[in-house]
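Source file: protein.cif; contents: mmCIF, C-alpha atoms.
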data_final
loop_
_atom_site.label_atom_id
_atom_site.label_comp_id
_atom_site.auth_asym_id
_atom_site.auth_seq_id
_atom_site.Cartn_x
_atom_site.Cartn_y
_atom_site.Cartn_z
CA MET A 1 0.00 0.00 0.00
CA LEU A 2 1.06 3.51 -0.75
CA ASN A 3 1.73 5.49 2.39
CA PRO A 4 -1.31 7.85 2.45
CA ASP A 5 0.72 10.54 4.19
CA LEU A 6 2.67 10.97 0.98
CA VAL A 7 -0.27 12.21 -1.10
CA GLY A 8 0.54 15.77 -2.13
CA ARG A 9 4.23 15.29 -1.47
CA THR A 10 6.78 16.18 -4.14
CA PHE A 11 9.96 14.16 -4.48
CA ALA A 12 12.51 16.32 -6.25
CA GLY A 13 15.32 14.61 -8.07
CA ASP A 14 18.85 15.88 -7.69
CA THR A 15 20.44 14.28 -10.72
CA SER A 16 19.90 15.37 -14.28
CA THR A 17 19.47 13.17 -17.32
CA LEU A 18 21.37 14.29 -20.39
CA VAL A 19 19.32 13.87 -23.57
CA THR A 20 21.61 12.47 -26.23
CA GLN A 21 21.07 12.56 -29.97
CA GLU A 22 21.36 8.77 -29.91
CA ALA A 23 18.41 8.56 -27.50
CA LEU A 24 16.32 10.78 -29.77
CA ASP A 25 17.38 8.77 -32.83
CA ARG A 26 16.39 5.49 -31.19
CA PHE A 27 12.97 6.78 -30.13
CA CYS A 28 12.29 8.43 -33.50
CA ALA A 29 13.23 5.20 -35.31
CA VAL A 30 10.51 3.25 -33.48
CA VAL A 31 7.75 5.50 -34.76
CA GLY A 32 9.29 6.34 -38.12
CA GLU A 33 9.90 9.99 -37.27
CA GLU A 34 12.38 11.51 -39.72
CA ASN A 35 12.90 14.79 -37.88
CA THR A 36 15.28 13.78 -35.10
CA GLN A 37 16.14 17.36 -34.12
CA ILE A 38 13.37 17.43 -31.51
CA ALA A 39 11.78 14.78 -29.32
CA PRO A 40 8.50 13.12 -30.34
CA PRO A 41 5.58 13.98 -28.00
CA THR A 42 5.90 10.93 -25.75
CA PHE A 43 9.71 10.77 -25.59
CA SER A 44 9.79 12.17 -22.04
CA ILE A 45 8.36 8.91 -20.69
CA SER A 46 11.77 7.35 -21.34
CA ILE A 47 13.15 9.69 -18.66
CA THR A 48 10.23 9.95 -16.23
CA LEU A 49 9.45 6.23 -16.06
CA ASP A 50 12.79 5.36 -14.55
CA GLN A 51 13.23 8.58 -12.57
CA SER A 52 9.79 8.53 -10.96
CA GLN A 53 10.26 4.90 -9.91
CA THR A 54 13.51 5.87 -8.24
CA LEU A 55 12.03 8.95 -6.58
CA LEU A 56 9.02 7.00 -5.27
CA GLN A 57 10.82 3.79 -4.34
CA ASP A 58 10.21 4.29 -0.61
CA SER A 59 6.56 5.35 -1.00
CA GLY A 60 5.09 1.91 -0.47
CA LEU A 61 3.93 1.73 -4.09
CA ASP A 62 4.32 -1.86 -5.30
CA TRP A 63 5.71 -1.32 -8.80
CA SER A 64 5.52 -5.03 -9.60
CA ARG A 65 1.70 -4.83 -9.45
CA VAL A 66 1.34 -1.57 -11.34
CA VAL A 67 -0.68 -1.37 -14.55
CA HIS A 68 -0.54 1.86 -16.52
CA GLY A 69 -4.06 3.33 -16.56
CA ASP A 70 -3.63 6.55 -18.45
CA GLN A 71 -1.03 9.07 -19.44
CA ARG A 72 -1.04 12.79 -20.17
CA PHE A 73 1.64 15.15 -21.43
CA GLU A 74 1.79 18.95 -21.39
CA ILE A 75 4.72 19.97 -23.54
CA LYS A 76 5.98 23.51 -22.90
CA ARG A 77 8.72 23.18 -25.48
CA PRO A 78 10.16 20.21 -27.36
CA ILE A 79 13.02 18.33 -25.72
CA ILE A 80 16.26 18.55 -27.72
CA ALA A 81 19.62 16.82 -27.60
CA GLY A 82 21.85 18.42 -24.99
CA ASP A 83 19.02 19.12 -22.53
CA HIS A 84 19.92 18.29 -18.93
CA LEU A 85 16.55 17.38 -17.42
CA VAL A 86 15.78 17.02 -13.73
CA CYS A 87 12.65 15.10 -12.74
CA SER A 88 10.43 15.85 -9.78
CA SER A 89 7.48 13.60 -9.01
CA THR A 90 4.39 14.39 -6.97
CA ILE A 91 1.80 11.91 -5.75
CA GLU A 92 -1.27 13.94 -6.66
CA SER A 93 -3.93 11.49 -5.54
CA ALA A 94 -4.50 7.97 -4.30
CA ARG A 95 -7.80 6.20 -3.91
CA ALA A 96 -9.09 2.67 -3.55
CA VAL A 97 -11.47 1.36 -6.19
CA ALA A 98 -12.80 -2.21 -6.10
CA GLY A 99 -9.81 -3.36 -4.07
CA ASN A 100 -7.30 -1.79 -6.43
CA GLU A 101 -5.36 1.32 -5.60
CA ILE A 102 -5.40 4.11 -8.16
CA VAL A 103 -2.49 6.52 -7.87
CA THR A 104 -1.87 9.60 -9.98
CA VAL A 105 1.74 10.70 -10.22
CA ARG A 106 2.75 13.97 -11.82
CA SER A 107 6.32 14.18 -13.04
CA ASP A 108 7.82 17.47 -14.16
CA LEU A 109 11.00 17.76 -16.18
CA HIS A 110 12.97 20.95 -15.69
CA SER A 111 15.99 22.28 -17.52
CA GLY A 112 17.47 24.66 -14.97
CA ASP A 113 14.50 26.82 -13.92
CA GLU A 114 12.57 26.12 -17.11
CA LEU A 115 9.67 23.68 -16.98
CA VAL A 116 9.95 21.67 -20.21
CA VAL A 117 7.33 18.92 -19.86
CA SER A 118 4.71 17.96 -17.27
CA THR A 119 3.38 14.43 -17.32
CA TRP A 120 0.63 12.68 -15.40
CA SER A 121 0.52 8.90 -15.05
CA THR A 122 -2.41 7.10 -13.52
CA LEU A 123 -1.19 3.83 -12.06
CA VAL A 124 -3.53 1.03 -11.10
CA VAL A 125 -2.00 -1.09 -8.36
CA ARG A 126 -3.75 -4.45 -8.58
CA ALA A 127 -4.91 -6.01 -5.35
CA MET B 1 3.67 24.49 -40.18
CA SER B 2 0.42 22.81 -39.41
CA THR B 3 -1.18 20.86 -42.21
CA PHE B 4 -4.65 22.06 -41.17
CA HIS B 5 -6.42 24.63 -43.24
CA ALA B 6 -7.10 27.76 -41.18
CA ASN B 7 -10.85 27.37 -40.93
CA ILE B 8 -10.98 23.70 -40.06
CA VAL B 9 -14.05 23.19 -37.90
CA ALA B 10 -15.21 20.94 -35.09
CA GLY B 11 -16.55 17.67 -36.40
CA GLU B 12 -14.17 17.45 -39.33
CA GLU B 13 -12.67 13.98 -39.68
CA LEU B 14 -9.01 13.60 -40.52
CA PRO B 15 -7.50 10.87 -42.72
CA ALA B 16 -7.04 7.54 -40.96
CA ARG B 17 -3.75 5.72 -40.95
CA THR B 18 -2.49 2.25 -40.09
CA PHE B 19 0.64 1.39 -38.09
CA GLN B 20 2.10 -2.09 -37.98
CA ILE B 21 3.23 -3.64 -34.70
CA ASP B 22 5.28 -6.83 -34.43
CA ARG B 23 7.53 -8.42 -31.81
CA ALA B 24 10.60 -6.75 -33.30
CA LEU B 25 9.00 -3.34 -32.78
CA LEU B 26 8.29 -4.21 -29.14
CA VAL B 27 11.98 -4.99 -28.60
CA GLN B 28 12.96 -1.81 -30.41
CA TYR B 29 10.58 0.23 -28.23
CA ALA B 30 11.81 -1.49 -25.05
CA ASN B 31 15.35 -0.46 -25.91
CA ALA B 32 14.36 3.09 -26.87
CA SER B 33 12.17 3.71 -23.82
CA GLY B 34 13.97 1.68 -21.16
CA ASP B 35 10.77 -0.26 -20.38
CA GLN B 36 12.07 -3.83 -20.34
CA ASN B 37 9.05 -5.36 -18.60
CA PRO B 38 9.04 -9.00 -19.81
CA ILE B 39 5.28 -8.97 -20.49
CA HIS B 40 6.22 -7.09 -23.67
CA GLN B 41 8.83 -9.59 -24.87
CA ASN B 42 8.54 -12.98 -23.20
CA GLU B 43 5.52 -15.09 -24.11
CA GLU B 44 6.00 -17.60 -21.31
CA PHE B 45 6.22 -14.82 -18.73
CA ALA B 46 3.21 -12.94 -20.15
CA ILE B 47 1.04 -16.06 -19.98
CA SER B 48 2.28 -16.84 -16.45
CA VAL B 49 0.86 -13.52 -15.21
CA GLY B 50 -2.52 -14.16 -16.82
CA LEU B 51 -2.15 -12.37 -20.15
CA PRO B 52 -3.28 -14.06 -23.38
CA ASN B 53 0.16 -13.51 -24.94
CA VAL B 54 2.85 -10.84 -25.20
CA ILE B 55 1.25 -7.38 -25.20
CA ALA B 56 2.55 -4.12 -26.64
CA HIS B 57 3.62 -1.37 -24.27
CA GLY B 58 0.67 0.99 -23.88
CA MET B 59 3.20 3.75 -24.35
CA LEU B 60 4.26 2.24 -27.71
CA THR B 61 0.68 2.48 -28.91
CA MET B 62 0.62 6.04 -27.62
CA ALA B 63 3.95 6.82 -29.31
CA LEU B 64 2.56 5.63 -32.66
CA VAL B 65 -0.58 7.71 -32.21
CA GLY B 66 1.78 10.55 -31.27
CA LYS B 67 3.48 10.16 -34.65
CA TYR B 68 0.08 10.42 -36.33
CA VAL B 69 -0.61 13.61 -34.34
CA SER B 70 2.84 15.07 -35.12
CA ASP B 71 2.30 14.50 -38.83
CA LEU B 72 -1.12 16.16 -38.70
CA ALA B 73 0.46 19.03 -36.78
CA GLY B 74 3.25 19.50 -39.31
CA GLY B 75 5.84 18.37 -36.77
CA SER B 76 6.25 17.40 -33.12
CA ALA B 77 6.99 21.01 -32.13
CA ALA B 78 3.33 21.95 -32.56
CA VAL B 79 2.02 19.23 -30.23
CA LYS B 80 1.20 20.91 -26.91
CA GLU B 81 -0.87 18.31 -25.09
CA PHE B 82 -1.46 14.62 -25.58
CA SER B 83 -3.36 12.19 -23.38
CA ALA B 84 -4.89 8.73 -23.51
CA ARG B 85 -6.35 6.00 -21.38
CA PHE B 86 -5.17 2.42 -21.92
CA THR B 87 -8.42 0.52 -22.28
CA LYS B 88 -7.44 -2.78 -23.93
CA PRO B 89 -4.03 -4.41 -24.32
CA VAL B 90 -2.68 -4.85 -27.84
CA VAL B 91 -1.84 -8.56 -28.06
CA VAL B 92 1.14 -9.33 -30.31
CA PRO B 93 1.57 -13.04 -31.11
CA ALA B 94 4.90 -14.33 -32.43
CA ASN B 95 5.35 -13.92 -36.19
CA ALA B 96 2.22 -11.77 -36.42
CA VAL B 97 1.84 -8.23 -37.69
CA VAL B 98 -0.84 -6.39 -35.78
CA GLU B 99 -2.47 -3.42 -37.48
CA LEU B 100 -3.18 -0.38 -35.33
CA ASN B 101 -5.77 1.85 -36.97
CA VAL B 102 -5.66 5.51 -35.99
CA SER B 103 -7.97 8.36 -36.86
CA ALA B 104 -8.97 11.75 -35.50
CA LYS B 105 -11.79 14.23 -35.39
CA VAL B 106 -11.48 17.95 -34.70
CA SER B 107 -13.27 18.89 -31.48
CA GLN B 108 -12.38 22.59 -31.42
CA ASN B 109 -10.43 25.25 -33.34
CA GLU B 110 -9.95 28.37 -31.26
CA ASN B 111 -7.22 30.91 -30.53
CA GLY B 112 -4.62 29.12 -32.64
CA LEU B 113 -5.20 25.77 -30.99
CA VAL B 114 -6.82 22.78 -32.64
CA LYS B 115 -8.15 20.11 -30.30
CA LEU B 116 -8.42 16.58 -31.59
CA ASP B 117 -10.28 13.51 -30.41
CA LEU B 118 -8.19 10.48 -31.35
CA TYR B 119 -9.26 6.92 -32.04
CA ALA B 120 -7.00 3.87 -31.97
CA SER B 121 -8.22 0.34 -32.58
CA VAL B 122 -7.03 -3.15 -33.43
CA ASP B 123 -9.50 -5.45 -35.23
CA ASP B 124 -12.25 -2.88 -34.53
CA VAL B 125 -11.59 -3.01 -30.77
CA LYS B 126 -10.69 0.34 -29.19
CA VAL B 127 -7.31 0.12 -27.47
CA LEU B 128 -7.15 3.73 -26.26
CA GLY B 129 -9.94 5.66 -24.60
CA MET B 130 -10.41 9.40 -24.17
CA ALA B 131 -7.39 10.03 -26.39
CA LYS B 132 -6.92 13.72 -27.09
CA ALA B 133 -4.33 16.13 -28.41
CA VAL B 134 -3.94 19.88 -28.58
CA ILE B 135 -2.01 21.29 -31.52
CA SER B 136 -0.76 24.83 -32.02
CA THR B 137 -1.51 26.20 -35.47
CA SER B 138 0.32 29.51 -35.01
#
Re-express the file's structure as structure tokens.
Amino acid sequence: MLNPDLVGRTFAGDTSTLVTQEALDRFCAVVGEENTQIAPPTFSISITLDQSQTLLQDSGLDWSRVVHGDQRFEIKRPIIAGDHLVCSSTIESARAVAGNEIVTVRSDLHSGDELVVSTWSTLVVRA
Amino acid sequence: MSTFHANIVAGEELPARTFQIDRALLVQYANASGDQNPIHQNEEFAISVGLPNVIAHGMLTMALVGKYVSDLAGGSAAVKEFSARFTKPVVVPANAVVELNVSAKVSQNENGLVKLDLYASVDDVKVLGMAKAVISTS
């Protein structure tokens, strides 16, 4: 079970992820995107998935039982190669539905003071 | 540059497109995204946790729909918001090519922003729900 005291809490990362051209190339190749100068709309998940799991590892969330319910992106500007992005994750809500736990995690990616992308993941933790 | 004409209106349907998904694409996406969950690669494992077979990453489906949106928008830079609910898993048997059918309808065109309702299905079964995007036309 997620620790309910953590709802509303933000876990700020202290390490940045460098976006390499190779990472953009690999992601673009999957979807057949020819313009590899900027990240495709969902590229940021490749950073936030790993980072948010690390940031929330002591939250009580059982990642092995998590099913991805929905996903939202607000893209302030496209990610480009050379960006150093720092992730912060906030547990926005947690509720129990039919024995499952439904947790919404917001993860923001900042480059310095600039907010680049905000993402929301709804995670269904199966009972 | 957006590919929309300036006075596109709510209700207008945009050309549908098909994406092909096979096991090789799942491996390619796993390596590109870092999501190495075995349910997307290992049939034995997928079945052991109650799935019918290997399933595609929901985020792979979303990435492909994202490509559709980027192309409509005239490039990824114009895509401001994108969201979807994962309603049904996309099952990808070995040696099969699964066709993901994607289409869109304009829900609003105001203040330089076009809002789209997106539809994604496999064999006429919706795999994403409430899928939406907001595209800048300015």
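Atom to atom, atom CA of Ile102 of chain A and atom CA of Ile45 of chain A stand 19.2 Å apart.
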Apply the PyMOL selection byres ((chain B) within 7 of (chain A)) to the structure shown and report the selected residues as an mmCIF file with C-alpha atoms, in the frame of the given file.
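Dumped to part-v4.cif:
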data_model
loop_
_atom_site.group_PDB
_atom_site.id
_atom_site.type_symbol
_atom_site.label_atom_id
_atom_site.label_comp_id
_atom_site.auth_asym_id
_atom_site.auth_seq_id
_atom_site.Cartn_x
_atom_site.Cartn_y
_atom_site.Cartn_z
ATOM 1 C CA LEU B 25 9.000 -3.340 -32.780
ATOM 2 C CA GLN B 28 12.960 -1.810 -30.410
ATOM 3 C CA TYR B 29 10.580 0.230 -28.230
ATOM 4 C CA ALA B 32 14.360 3.090 -26.870
ATOM 5 C CA SER B 33 12.170 3.710 -23.820
ATOM 6 C CA GLY B 34 13.970 1.680 -21.160
ATOM 7 C CA ALA B 63 3.950 6.820 -29.310
ATOM 8 C CA LEU B 64 2.560 5.630 -32.660
ATOM 9 C CA GLY B 66 1.780 10.550 -31.270
ATOM 10 C CA LYS B 67 3.480 10.160 -34.650
ATOM 11 C CA SER B 76 6.250 17.400 -33.120
ATOM 12 C CA ALA B 77 6.990 21.010 -32.130
ATOM 13 C CA VAL B 79 2.020 19.230 -30.230
ATOM 14 C CA LYS B 80 1.200 20.910 -26.910
ATOM 15 C CA GLU B 81 -0.870 18.310 -25.090
ATOM 16 C CA PHE B 82 -1.460 14.620 -25.580
ATOM 17 C CA SER B 83 -3.360 12.190 -23.380
ATOM 18 C CA ALA B 84 -4.890 8.730 -23.510
ATOM 19 C CA ARG B 85 -6.350 6.000 -21.380
ATOM 20 C CA PHE B 86 -5.170 2.420 -21.920
#
Go through the shown structure with the PyMOL selection byres ((chain B and resi 112) around 6) and write out the matching residues as a ChimeraX atom specification.
/B:110-111,113,136-138
Please produce a file of the residues just selected, as a CSV table (one decimal), in the frame of the given file, where the atoms kept are C-alpha atoms.
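part26.csv, freshly written:
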chain,number,residue,atom,x,y,z
B,110,GLU,CA,-10.0,28.4,-31.3
B,111,ASN,CA,-7.2,30.9,-30.5
B,113,LEU,CA,-5.2,25.8,-31.0
B,136,SER,CA,-0.8,24.8,-32.0
B,137,THR,CA,-1.5,26.2,-35.5
B,138,SER,CA,0.3,29.5,-35.0
10 Å contact set for Ala127 of chain A, only C-alpha atoms, chain neighbours under 4 positions out, as a CSV table (one decimal) with C-alpha atoms, keeping the file's coordinate frame:
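Written output follows (part07.csv):
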chain,number,residue,atom,x,y,z
A,1,MET,CA,0.0,0.0,0.0
A,65,ARG,CA,1.7,-4.8,-9.4
A,66,VAL,CA,1.3,-1.6,-11.3
A,96,ALA,CA,-9.1,2.7,-3.6
A,97,VAL,CA,-11.5,1.4,-6.2
A,98,ALA,CA,-12.8,-2.2,-6.1
A,99,GLY,CA,-9.8,-3.4,-4.1
A,100,ASN,CA,-7.3,-1.8,-6.4
A,101,GLU,CA,-5.4,1.3,-5.6
Translate the PyMOL selection byres ((chain B and resi 115) around 9) into a concrete residue list for this structure, as a list in words.
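What the PyMOL selection byres ((chain B and resi 115) around 9) grabs from the file is Ala10, Lys105, Val106, Ser107, Gln108, Asn109, Glu110, Leu113, Val114, Leu116, Asp117, Lys132, Ala133, Val134, Ile135 and Ser136 of chain B.
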So that I can check the surroundings of Val92 of chain B, please list as a PDB file with C-alpha atoms, in the frame of the given file every protein, DNA and RNA residue that reaches within 9 Å of it, counting all atoms listed in the file and ignoring chain neighbours fewer than 2 positions away.
ATOM      1  CA  ILE B  21       3.230  -3.640 -34.700  1.00  0.00           C
ATOM      2  CA  ASP B  22       5.280  -6.830 -34.430  1.00  0.00           C
ATOM      3  CA  ARG B  23       7.530  -8.420 -31.810  1.00  0.00           C
ATOM      4  CA  LEU B  26       8.290  -4.210 -29.140  1.00  0.00           C
ATOM      5  CA  HIS B  40       6.220  -7.090 -23.670  1.00  0.00           C
ATOM      6  CA  ASN B  53       0.160 -13.510 -24.940  1.00  0.00           C
ATOM      7  CA  VAL B  54       2.850 -10.840 -25.200  1.00  0.00           C
ATOM      8  CA  ILE B  55       1.250  -7.380 -25.200  1.00  0.00           C
ATOM      9  CA  ALA B  56       2.550  -4.120 -26.640  1.00  0.00           C
ATOM     10  CA  VAL B  90      -2.680  -4.850 -27.840  1.00  0.00           C
ATOM     11  CA  ALA B  94       4.900 -14.330 -32.430  1.00  0.00           C
ATOM     12  CA  ASN B  95       5.350 -13.920 -36.190  1.00  0.00           C
ATOM     13  CA  ALA B  96       2.220 -11.770 -36.420  1.00  0.00           C
ATOM     14  CA  VAL B  97       1.840  -8.230 -37.690  1.00  0.00           C
ATOM     15  CA  VAL B  98      -0.840  -6.390 -35.780  1.00  0.00           C
TER      16      VAL B  98
END
Coordinates-based distance that separates atom CA of Arg95 of chain A from atom CA of Lys126 of chain B (Å, one decimal):
26.1 Å
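Proximity to Leu18 of chain A at 9 Å, evaluated using all atoms listed in the file and with sequence-adjacent residues fewer than 3 positions away removed, yields Ala81, Gly82, Asp83, His84 and Leu85 of chain A.
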Any idea what the distance is between atom CA of Asp123 of chain B and atom CA of Val91 of chain B?
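Here the two named atoms are 10.9 Å from each other.
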When you look at Asp5 of chain A with a cut-off of 12 Å (counting all atoms listed in the file), what residues show up, excluding the ones that are within fewer than 6 positions of it in the same chain? I need them as a ChimeraX atom specification.
/A:59-60,91-94
Counting all atoms listed in the file, find the residues whose atoms lie at most 8 Å from (-0.4, 20.5, -38.0) (file coordinates) and write them out as a list of chain:residue names.
B:Met1, B:Ser2, B:Thr3, B:Phe4, B:Val69, B:Ser70, B:Asp71, B:Leu72, B:Ala73, B:Gly74, B:Gly75, B:Ala78, B:Ile135, B:Ser136, B:Thr137
Could you dump the residues just selected with C-alpha atoms as a PDB file, keeping the file's coordinate frame?
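Result saved to again-v2.pdb:
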ATOM      1  CA  MET B   1       3.670  24.490 -40.180  1.00  0.00           C
ATOM      2  CA  SER B   2       0.420  22.810 -39.410  1.00  0.00           C
ATOM      3  CA  THR B   3      -1.180  20.860 -42.210  1.00  0.00           C
ATOM      4  CA  PHE B   4      -4.650  22.060 -41.170  1.00  0.00           C
ATOM      5  CA  VAL B  69      -0.610  13.610 -34.340  1.00  0.00           C
ATOM      6  CA  SER B  70       2.840  15.070 -35.120  1.00  0.00           C
ATOM      7  CA  ASP B  71       2.300  14.500 -38.830  1.00  0.00           C
ATOM      8  CA  LEU B  72      -1.120  16.160 -38.700  1.00  0.00           C
ATOM      9  CA  ALA B  73       0.460  19.030 -36.780  1.00  0.00           C
ATOM     10  CA  GLY B  74       3.250  19.500 -39.310  1.00  0.00           C
ATOM     11  CA  GLY B  75       5.840  18.370 -36.770  1.00  0.00           C
ATOM     12  CA  ALA B  78       3.330  21.950 -32.560  1.00  0.00           C
ATOM     13  CA  ILE B 135      -2.010  21.290 -31.520  1.00  0.00           C
ATOM     14  CA  SER B 136      -0.760  24.830 -32.020  1.00  0.00           C
ATOM     15  CA  THR B 137      -1.510  26.200 -35.470  1.00  0.00           C
TER      16      THR B 137
END
Among B:Thr87, B:Thr18, B:Asn42, B:Gln36, Gly58 of chain B is approached most closely, using all atoms listed in the file, by B:Thr87
How big is the axis-aligned box around all listed atoms of segment 112-119 of chain A once 8 Å goes on each side, and where's its centre, in Å to one decimal, as lines of an AutoDock Vina configuration file?
center_x = 10.4
center_y = 20.6
center_z = -17.1
size_x = 30.1
size_y = 28.4
size_z = 22.3
When you count only C-alpha atoms, which of these residues is closest to Gly112 of chain A: A:Thr10, A:Thr90, A:Ser16, A:Thr48?
A:Ser16
Closest of B:Val125, B:Ala24, B:Val102, B:Glu12 to Met62 of chain B - atom-to-atom distances counting all atoms listed in the file
B:Val102
Will you model N, CA and C atoms for segment 83-107 of chain B and pass it back as a PDB file, keeping the file's coordinate frame?
ATOM      1  N   SER B  83      -2.954  13.054 -24.493  1.00  0.00           N
ATOM      2  CA  SER B  83      -3.360  12.190 -23.380  1.00  0.00           C
ATOM      3  C   SER B  83      -4.155  11.000 -23.896  1.00  0.00           C
ATOM      4  N   ALA B  84      -4.127   9.928 -23.136  1.00  0.00           N
ATOM      5  CA  ALA B  84      -4.890   8.730 -23.510  1.00  0.00           C
ATOM      6  C   ALA B  84      -5.038   7.817 -22.319  1.00  0.00           C
ATOM      7  N   ARG B  85      -6.108   7.035 -22.373  1.00  0.00           N
ATOM      8  CA  ARG B  85      -6.350   6.000 -21.380  1.00  0.00           C
ATOM      9  C   ARG B  85      -6.106   4.656 -22.069  1.00  0.00           C
ATOM     10  N   PHE B  86      -5.479   3.739 -21.345  1.00  0.00           N
ATOM     11  CA  PHE B  86      -5.170   2.420 -21.920  1.00  0.00           C
ATOM     12  C   PHE B  86      -6.318   1.481 -21.593  1.00  0.00           C
ATOM     13  N   THR B  87      -7.187   1.252 -22.569  1.00  0.00           N
ATOM     14  CA  THR B  87      -8.420   0.520 -22.280  1.00  0.00           C
ATOM     15  C   THR B  87      -8.304  -0.972 -22.541  1.00  0.00           C
ATOM     16  N   LYS B  88      -7.590  -1.359 -23.599  1.00  0.00           N
ATOM     17  CA  LYS B  88      -7.440  -2.780 -23.930  1.00  0.00           C
ATOM     18  C   LYS B  88      -5.995  -3.034 -24.345  1.00  0.00           C
ATOM     19  N   PRO B  89      -5.405  -4.127 -23.876  1.00  0.00           N
ATOM     20  CA  PRO B  89      -4.030  -4.410 -24.320  1.00  0.00           C
ATOM     21  C   PRO B  89      -3.990  -4.798 -25.799  1.00  0.00           C
ATOM     22  N   VAL B  90      -2.901  -4.430 -26.456  1.00  0.00           N
ATOM     23  CA  VAL B  90      -2.680  -4.850 -27.840  1.00  0.00           C
ATOM     24  C   VAL B  90      -1.850  -6.142 -27.783  1.00  0.00           C
ATOM     25  N   VAL B  91      -2.488  -7.248 -28.124  1.00  0.00           N
ATOM     26  CA  VAL B  91      -1.840  -8.560 -28.060  1.00  0.00           C
ATOM     27  C   VAL B  91      -1.024  -8.766 -29.337  1.00  0.00           C
ATOM     28  N   VAL B  92       0.251  -9.160 -29.159  1.00  0.00           N
ATOM     29  CA  VAL B  92       1.140  -9.330 -30.310  1.00  0.00           C
ATOM     30  C   VAL B  92       1.711 -10.747 -30.315  1.00  0.00           C
ATOM     31  N   PRO B  93       1.049 -11.672 -31.023  1.00  0.00           N
ATOM     32  CA  PRO B  93       1.570 -13.040 -31.110  1.00  0.00           C
ATOM     33  C   PRO B  93       2.884 -13.081 -31.899  1.00  0.00           C
ATOM     34  N   ALA B  94       3.648 -14.154 -31.680  1.00  0.00           N
ATOM     35  CA  ALA B  94       4.900 -14.330 -32.430  1.00  0.00           C
ATOM     36  C   ALA B  94       4.580 -14.410 -33.917  1.00  0.00           C
ATOM     37  N   ASN B  95       5.464 -13.861 -34.725  1.00  0.00           N
ATOM     38  CA  ASN B  95       5.350 -13.920 -36.190  1.00  0.00           C
ATOM     39  C   ASN B  95       4.086 -13.268 -36.747  1.00  0.00           C
ATOM     40  N   ALA B  96       3.414 -12.463 -35.925  1.00  0.00           N
ATOM     41  CA  ALA B  96       2.220 -11.770 -36.420  1.00  0.00           C
ATOM     42  C   ALA B  96       2.530 -10.289 -36.633  1.00  0.00           C
ATOM     43  N   VAL B  97       1.788  -9.683 -37.529  1.00  0.00           N
ATOM     44  CA  VAL B  97       1.840  -8.230 -37.690  1.00  0.00           C
ATOM     45  C   VAL B  97       0.461  -7.700 -37.339  1.00  0.00           C
ATOM     46  N   VAL B  98       0.424  -6.926 -36.263  1.00  0.00           N
ATOM     47  CA  VAL B  98      -0.840  -6.390 -35.780  1.00  0.00           C
ATOM     48  C   VAL B  98      -1.028  -4.993 -36.368  1.00  0.00           C
ATOM     49  N   GLU B  99      -2.216  -4.730 -36.879  1.00  0.00           N
ATOM     50  CA  GLU B  99      -2.470  -3.420 -37.480  1.00  0.00           C
ATOM     51  C   GLU B  99      -3.213  -2.526 -36.491  1.00  0.00           C
ATOM     52  N   LEU B 100      -2.585  -1.391 -36.204  1.00  0.00           N
ATOM     53  CA  LEU B 100      -3.180  -0.380 -35.330  1.00  0.00           C
ATOM     54  C   LEU B 100      -3.783   0.701 -36.221  1.00  0.00           C
ATOM     55  N   ASN B 101      -5.087   0.858 -36.139  1.00  0.00           N
ATOM     56  CA  ASN B 101      -5.770   1.850 -36.970  1.00  0.00           C
ATOM     57  C   ASN B 101      -6.022   3.116 -36.163  1.00  0.00           C
ATOM     58  N   VAL B 102      -5.598   4.242 -36.716  1.00  0.00           N
ATOM     59  CA  VAL B 102      -5.660   5.510 -35.990  1.00  0.00           C
ATOM     60  C   VAL B 102      -6.405   6.537 -36.832  1.00  0.00           C
ATOM     61  N   SER B 103      -7.285   7.267 -36.167  1.00  0.00           N
ATOM     62  CA  SER B 103      -7.970   8.360 -36.860  1.00  0.00           C
ATOM     63  C   SER B 103      -8.241   9.472 -35.864  1.00  0.00           C
ATOM     64  N   ALA B 104      -8.751  10.597 -36.367  1.00  0.00           N
ATOM     65  CA  ALA B 104      -8.970  11.750 -35.500  1.00  0.00           C
ATOM     66  C   ALA B 104     -10.135  12.584 -36.008  1.00  0.00           C
ATOM     67  N   LYS B 105     -10.725  13.285 -35.061  1.00  0.00           N
ATOM     68  CA  LYS B 105     -11.790  14.230 -35.390  1.00  0.00           C
ATOM     69  C   LYS B 105     -11.487  15.528 -34.654  1.00  0.00           C
ATOM     70  N   VAL B 106     -11.700  16.655 -35.340  1.00  0.00           N
ATOM     71  CA  VAL B 106     -11.480  17.950 -34.700  1.00  0.00           C
ATOM     72  C   VAL B 106     -12.602  18.197 -33.693  1.00  0.00           C
ATOM     73  N   SER B 107     -12.233  18.569 -32.459  1.00  0.00           N
ATOM     74  CA  SER B 107     -13.270  18.890 -31.480  1.00  0.00           C
ATOM     75  C   SER B 107     -13.380  20.398 -31.257  1.00  0.00           C
TER      76      SER B 107
END
